[in-house]
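Visitor: Pasting structure_30.cif here (mmCIF, N, CA, C and O atoms):
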data_run
loop_
_atom_site.label_atom_id
_atom_site.label_comp_id
_atom_site.auth_asym_id
_atom_site.auth_seq_id
_atom_site.Cartn_x
_atom_site.Cartn_y
_atom_site.Cartn_z
N MET A 258 13.54 -10.01 19.09
CA MET A 258 12.31 -10.37 18.41
C MET A 258 11.32 -9.20 18.43
O MET A 258 10.67 -8.93 17.46
N SER A 259 11.22 -8.51 19.56
CA SER A 259 10.22 -7.45 19.67
C SER A 259 10.55 -6.27 18.75
O SER A 259 9.64 -5.63 18.22
N ILE A 260 11.85 -6.00 18.54
CA ILE A 260 12.23 -4.91 17.63
C ILE A 260 11.83 -5.26 16.20
O ILE A 260 11.28 -4.44 15.48
N CYS A 261 12.09 -6.51 15.82
CA CYS A 261 11.70 -6.96 14.48
C CYS A 261 10.19 -6.89 14.31
O CYS A 261 9.70 -6.43 13.29
N LEU A 262 9.47 -7.33 15.34
CA LEU A 262 8.01 -7.30 15.28
C LEU A 262 7.51 -5.88 15.13
O LEU A 262 6.59 -5.61 14.35
N PHE A 263 8.12 -4.95 15.85
CA PHE A 263 7.72 -3.55 15.76
C PHE A 263 7.98 -3.00 14.36
O PHE A 263 7.11 -2.38 13.75
N LYS A 264 9.20 -3.24 13.84
CA LYS A 264 9.54 -2.76 12.50
C LYS A 264 8.60 -3.35 11.45
O LYS A 264 8.14 -2.64 10.55
N CYS A 265 8.35 -4.64 11.56
CA CYS A 265 7.47 -5.29 10.59
C CYS A 265 6.05 -4.73 10.69
O CYS A 265 5.38 -4.56 9.68
N GLY A 266 5.62 -4.47 11.92
CA GLY A 266 4.30 -3.89 12.10
C GLY A 266 4.19 -2.51 11.46
O GLY A 266 3.19 -2.18 10.82
N VAL A 267 5.25 -1.72 11.61
CA VAL A 267 5.26 -0.38 11.00
C VAL A 267 5.22 -0.49 9.48
O VAL A 267 4.44 0.20 8.82
N PHE A 268 6.05 -1.38 8.90
CA PHE A 268 6.05 -1.56 7.45
C PHE A 268 4.69 -2.06 6.96
O PHE A 268 4.20 -1.65 5.91
N PHE A 269 4.08 -2.98 7.73
CA PHE A 269 2.78 -3.50 7.34
C PHE A 269 1.74 -2.39 7.34
O PHE A 269 0.93 -2.28 6.41
N LEU A 270 1.75 -1.56 8.37
CA LEU A 270 0.81 -0.44 8.44
C LEU A 270 1.04 0.56 7.31
O LEU A 270 0.08 1.07 6.72
N GLN A 271 2.31 0.86 7.02
CA GLN A 271 2.60 1.75 5.90
C GLN A 271 2.06 1.17 4.60
O GLN A 271 1.49 1.89 3.78
N GLY A 272 2.24 -0.13 4.43
CA GLY A 272 1.71 -0.79 3.24
C GLY A 272 0.20 -0.72 3.17
O GLY A 272 -0.38 -0.43 2.12
N ALA A 273 -0.44 -0.96 4.31
CA ALA A 273 -1.91 -0.91 4.34
C ALA A 273 -2.43 0.49 4.02
O ALA A 273 -3.42 0.66 3.30
N ILE A 274 -1.74 1.50 4.54
CA ILE A 274 -2.13 2.89 4.26
C ILE A 274 -1.94 3.18 2.77
O ILE A 274 -2.80 3.80 2.13
N SER A 275 -0.82 2.73 2.21
CA SER A 275 -0.59 2.94 0.77
C SER A 275 -1.65 2.27 -0.07
O SER A 275 -2.12 2.82 -1.07
N VAL A 276 -2.05 1.07 0.33
CA VAL A 276 -3.10 0.36 -0.40
C VAL A 276 -4.40 1.14 -0.32
O VAL A 276 -5.09 1.33 -1.33
N GLY A 277 -4.74 1.62 0.87
CA GLY A 277 -5.98 2.39 1.03
C GLY A 277 -5.98 3.66 0.20
O GLY A 277 -6.96 3.96 -0.50
N ILE A 278 -4.87 4.39 0.26
CA ILE A 278 -4.77 5.63 -0.53
C ILE A 278 -4.78 5.31 -2.02
O ILE A 278 -5.40 6.02 -2.82
N GLY A 279 -4.09 4.24 -2.38
CA GLY A 279 -4.06 3.82 -3.80
C GLY A 279 -5.46 3.50 -4.31
O GLY A 279 -5.81 3.85 -5.44
N HIS A 280 -6.26 2.83 -3.48
CA HIS A 280 -7.65 2.55 -3.87
C HIS A 280 -8.45 3.84 -4.02
O HIS A 280 -9.22 3.99 -4.97
N LEU A 281 -8.27 4.75 -3.07
CA LEU A 281 -9.02 6.00 -3.11
C LEU A 281 -8.66 6.85 -4.34
O LEU A 281 -9.53 7.44 -4.98
N LEU A 282 -7.36 6.90 -4.64
CA LEU A 282 -6.91 7.74 -5.74
C LEU A 282 -6.84 7.01 -7.08
O LEU A 282 -6.63 7.63 -8.12
N GLY A 283 -7.03 5.70 -7.03
CA GLY A 283 -6.97 4.93 -8.28
C GLY A 283 -5.58 4.81 -8.86
O GLY A 283 -5.42 4.73 -10.07
N ARG A 284 -4.57 4.81 -8.01
CA ARG A 284 -3.18 4.72 -8.47
C ARG A 284 -2.67 3.29 -8.31
O ARG A 284 -2.47 2.81 -7.19
N GLN A 285 -2.43 2.65 -9.42
CA GLN A 285 -1.99 1.25 -9.40
C GLN A 285 -0.58 1.09 -8.82
O GLN A 285 -0.31 0.13 -8.12
N GLN A 286 0.30 2.05 -9.09
CA GLN A 286 1.66 1.95 -8.58
C GLN A 286 1.67 2.02 -7.06
O GLN A 286 2.41 1.29 -6.39
N MET A 287 0.85 2.89 -6.49
CA MET A 287 0.77 3.00 -5.03
C MET A 287 0.19 1.72 -4.43
O MET A 287 0.66 1.26 -3.38
N LEU A 288 -0.79 1.15 -5.10
CA LEU A 288 -1.35 -0.13 -4.65
C LEU A 288 -0.27 -1.21 -4.63
O LEU A 288 -0.13 -1.95 -3.66
N ALA A 289 0.48 -1.29 -5.72
CA ALA A 289 1.52 -2.32 -5.83
C ALA A 289 2.57 -2.16 -4.74
O ALA A 289 2.99 -3.14 -4.13
N ARG A 290 3.01 -0.91 -4.51
CA ARG A 290 4.01 -0.67 -3.46
C ARG A 290 3.46 -1.04 -2.08
O ARG A 290 4.17 -1.60 -1.25
N GLY A 291 2.21 -0.72 -1.85
CA GLY A 291 1.58 -1.05 -0.57
C GLY A 291 1.51 -2.54 -0.33
O GLY A 291 1.86 -3.04 0.74
N TYR A 292 1.05 -3.28 -1.36
CA TYR A 292 0.99 -4.73 -1.23
C TYR A 292 2.38 -5.33 -1.05
O TYR A 292 2.58 -6.27 -0.30
N GLN A 293 3.37 -4.76 -1.73
CA GLN A 293 4.74 -5.25 -1.61
C GLN A 293 5.27 -5.05 -0.19
O GLN A 293 5.90 -5.93 0.39
N LYS A 294 5.01 -3.88 0.41
CA LYS A 294 5.44 -3.62 1.78
C LYS A 294 4.78 -4.60 2.75
O LYS A 294 5.42 -5.11 3.67
N MET A 295 3.49 -4.84 2.54
CA MET A 295 2.77 -5.75 3.43
C MET A 295 3.33 -7.17 3.32
O MET A 295 3.54 -7.85 4.33
N THR A 296 3.61 -7.61 2.10
CA THR A 296 4.16 -8.94 1.88
C THR A 296 5.56 -9.05 2.47
O THR A 296 5.89 -10.04 3.12
N ASN A 297 6.38 -8.04 2.27
CA ASN A 297 7.73 -8.06 2.83
C ASN A 297 7.70 -8.14 4.36
O ASN A 297 8.51 -8.85 4.96
N ALA A 298 6.79 -7.41 4.96
CA ALA A 298 6.68 -7.44 6.43
C ALA A 298 6.30 -8.83 6.92
O ALA A 298 6.90 -9.35 7.87
N LYS A 299 5.33 -9.46 6.26
CA LYS A 299 4.93 -10.81 6.66
C LYS A 299 6.07 -11.81 6.47
O LYS A 299 6.29 -12.68 7.31
N CYS A 300 6.79 -11.67 5.37
CA CYS A 300 7.92 -12.57 5.10
C CYS A 300 9.02 -12.38 6.13
O CYS A 300 9.64 -13.35 6.58
N GLN A 301 9.28 -11.15 6.53
CA GLN A 301 10.34 -10.89 7.51
C GLN A 301 10.00 -11.51 8.85
O GLN A 301 10.87 -12.04 9.54
N ILE A 302 8.73 -11.49 9.23
CA ILE A 302 8.31 -12.13 10.48
C ILE A 302 8.54 -13.63 10.38
O ILE A 302 9.05 -14.26 11.32
N ALA A 303 8.19 -14.23 9.25
CA ALA A 303 8.39 -15.67 9.06
C ALA A 303 9.88 -16.02 9.10
O ALA A 303 10.28 -17.02 9.70
N ILE A 304 10.71 -15.20 8.48
CA ILE A 304 12.16 -15.44 8.48
C ILE A 304 12.70 -15.33 9.90
O ILE A 304 13.51 -16.16 10.33
N ASP A 305 12.26 -14.35 10.64
CA ASP A 305 12.71 -14.16 12.01
C ASP A 305 12.33 -15.37 12.87
O ASP A 305 13.13 -15.86 13.67
N ASP A 306 11.09 -15.87 12.69
CA ASP A 306 10.66 -17.06 13.42
C ASP A 306 11.50 -18.28 13.06
O ASP A 306 11.89 -19.06 13.93
N ALA A 307 11.80 -18.44 11.78
CA ALA A 307 12.62 -19.57 11.34
C ALA A 307 14.03 -19.49 11.92
O ALA A 307 14.59 -20.51 12.36
N GLN A 308 14.60 -18.29 11.95
CA GLN A 308 15.93 -18.13 12.53
C GLN A 308 15.93 -18.49 14.01
O GLN A 308 16.87 -19.11 14.51
N LYS A 309 14.86 -18.13 14.70
CA LYS A 309 14.75 -18.45 16.12
C LYS A 309 14.72 -19.97 16.33
O LYS A 309 15.41 -20.50 17.20
N VAL A 310 13.97 -20.68 15.50
CA VAL A 310 13.88 -22.14 15.60
C VAL A 310 15.23 -22.77 15.30
O VAL A 310 15.67 -23.69 15.99
N ILE A 311 15.91 -22.28 14.28
CA ILE A 311 17.23 -22.81 13.92
C ILE A 311 18.22 -22.61 15.06
O ILE A 311 18.98 -23.52 15.40
N ARG A 312 18.21 -21.42 15.67
CA ARG A 312 19.11 -21.16 16.80
C ARG A 312 18.84 -22.12 17.96
O ARG A 312 19.76 -22.62 18.61
N GLN A 313 17.55 -22.39 18.22
CA GLN A 313 17.19 -23.32 19.29
C GLN A 313 17.70 -24.73 18.98
O GLN A 313 18.21 -25.42 19.87
N CYS A 314 17.58 -25.15 17.72
CA CYS A 314 18.05 -26.48 17.33
C CYS A 314 19.56 -26.59 17.48
O CYS A 314 20.08 -27.60 17.97
N ILE A 315 20.26 -25.55 17.07
CA ILE A 315 21.73 -25.55 17.20
C ILE A 315 22.13 -25.61 18.66
O ILE A 315 23.03 -26.36 19.04
N LYS A 316 21.44 -24.85 19.49
CA LYS A 316 21.75 -24.84 20.92
C LYS A 316 21.52 -26.23 21.53
O LYS A 316 22.33 -26.72 22.31
N ARG A 317 20.42 -26.89 21.13
CA ARG A 317 20.14 -28.25 21.64
C ARG A 317 21.22 -29.22 21.21
O ARG A 317 21.66 -30.07 21.99
N GLN A 318 21.63 -29.11 19.93
CA GLN A 318 22.69 -30.00 19.44
C GLN A 318 23.99 -29.77 20.19
O GLN A 318 24.68 -30.72 20.55
N GLN A 319 24.33 -28.52 20.43
CA GLN A 319 25.56 -28.21 21.18
C GLN A 319 25.47 -28.76 22.60
O GLN A 319 26.44 -29.32 23.11
N ASN A 320 24.31 -28.60 23.22
CA ASN A 320 24.14 -29.13 24.57
C ASN A 320 24.24 -30.65 24.58
O ASN A 320 24.82 -31.24 25.49
N SER A 321 23.67 -31.27 23.57
CA SER A 321 23.72 -32.72 23.45
C SER A 321 25.16 -33.19 23.27
O SER A 321 25.60 -34.15 23.93
N LEU A 322 25.92 -32.52 22.41
CA LEU A 322 27.30 -32.89 22.19
C LEU A 322 28.16 -32.66 23.44
O LEU A 322 29.04 -33.45 23.76
N THR A 323 27.85 -31.58 24.14
CA THR A 323 28.59 -31.28 25.38
C THR A 323 28.33 -32.37 26.42
O THR A 323 29.26 -32.83 27.08
N SER A 324 27.09 -32.80 26.56
CA SER A 324 26.76 -33.84 27.55
C SER A 324 27.37 -35.19 27.16
O SER A 324 27.80 -35.94 28.02
N ILE A 325 27.46 -35.47 25.87
CA ILE A 325 28.08 -36.72 25.41
C ILE A 325 29.58 -36.69 25.69
O ILE A 325 30.15 -37.67 26.15
N SER A 326 30.23 -35.56 25.43
CA SER A 326 31.67 -35.48 25.63
C SER A 326 32.04 -35.51 27.11
O SER A 326 33.15 -35.91 27.46
N ARG A 327 31.14 -35.11 27.98
CA ARG A 327 31.41 -35.14 29.42
C ARG A 327 31.28 -36.56 29.98
O ARG A 327 31.81 -36.86 31.03
N SER A 328 30.53 -37.40 29.29
CA SER A 328 30.29 -38.78 29.80
C SER A 328 31.50 -39.65 29.66
O SER A 328 32.44 -39.49 29.05
#
How would this structure read if it were set down as structure tokens?
Guide:
Amino acid sequence: MSICLFKCGVFFLQGAISVGIGHLLGRQQMLARGYQKMTNAKCQIAIDDAQKVIRQCIKRQQNSLTSISRS
């Protein structure tokens, strides 16, 4: 999780810098790329969180099935 968070943070910062430079220079393409990087970083964090929740649910189900089969 921490590696993903670090990578996403770096991409978000790169996007924010691109947005800032795009505003300063008046370049729409740079603005668009910056906003896209920021959005991708936020989405990746959400996906990573969802995967973590899914893994926990699967583990609980497996534990539940294991305890039922032992009974």
Visitor: Can you list, as a list in words, the residues that the PyMOL selection byres ((chain A and resi 294) around 7) selects here?
Guide: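 For this structure, the PyMOL selection byres ((chain A and resi 294) around 7) captures Cys265, Phe268, Phe269, Leu270, Gln271, Gly272, Ala273, Leu288, Ala289, Arg290, Gly291, Tyr292, Gln293, Met295, Thr296, Asn297, Ala298, Lys299 and Cys300 of chain A.
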Visitor: Which value, in Å to one decimal, gives the distance between atom CA of Gln301 of chain A and atom C of Gly266 of chain A?
Guide: 11.1 Å
Visitor: Just to confirm, what's the straight-line distance from atom CA of Val267 of chain A to atom CA of Asp305 of chain A in Å (one decimal)?
Guide: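 Atom CA of Val267 of chain A sits 15.7 Å away from atom CA of Asp305 of chain A.
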Visitor: Grab the atom N of Phe263 of chain A to atom O of Ile302 of chain A distance for me, in Å with one decimal place.
Guide: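 Answer for the atom N of Phe263 of chain A to atom O of Ile302 of chain A separation: 10.4 Å.
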Visitor: Give the centre and edge lengths of an axis-aligned box, in Å to one decimal, that holds all listed atoms of segment 294-308 of chain A with 6 Å on each side, as JSON.
Guide:
{"center_x": 9.8, "center_y": -12.1, "center_z": 7.5, "size_x": 26.1, "size_y": 28.9, "size_z": 26.1}
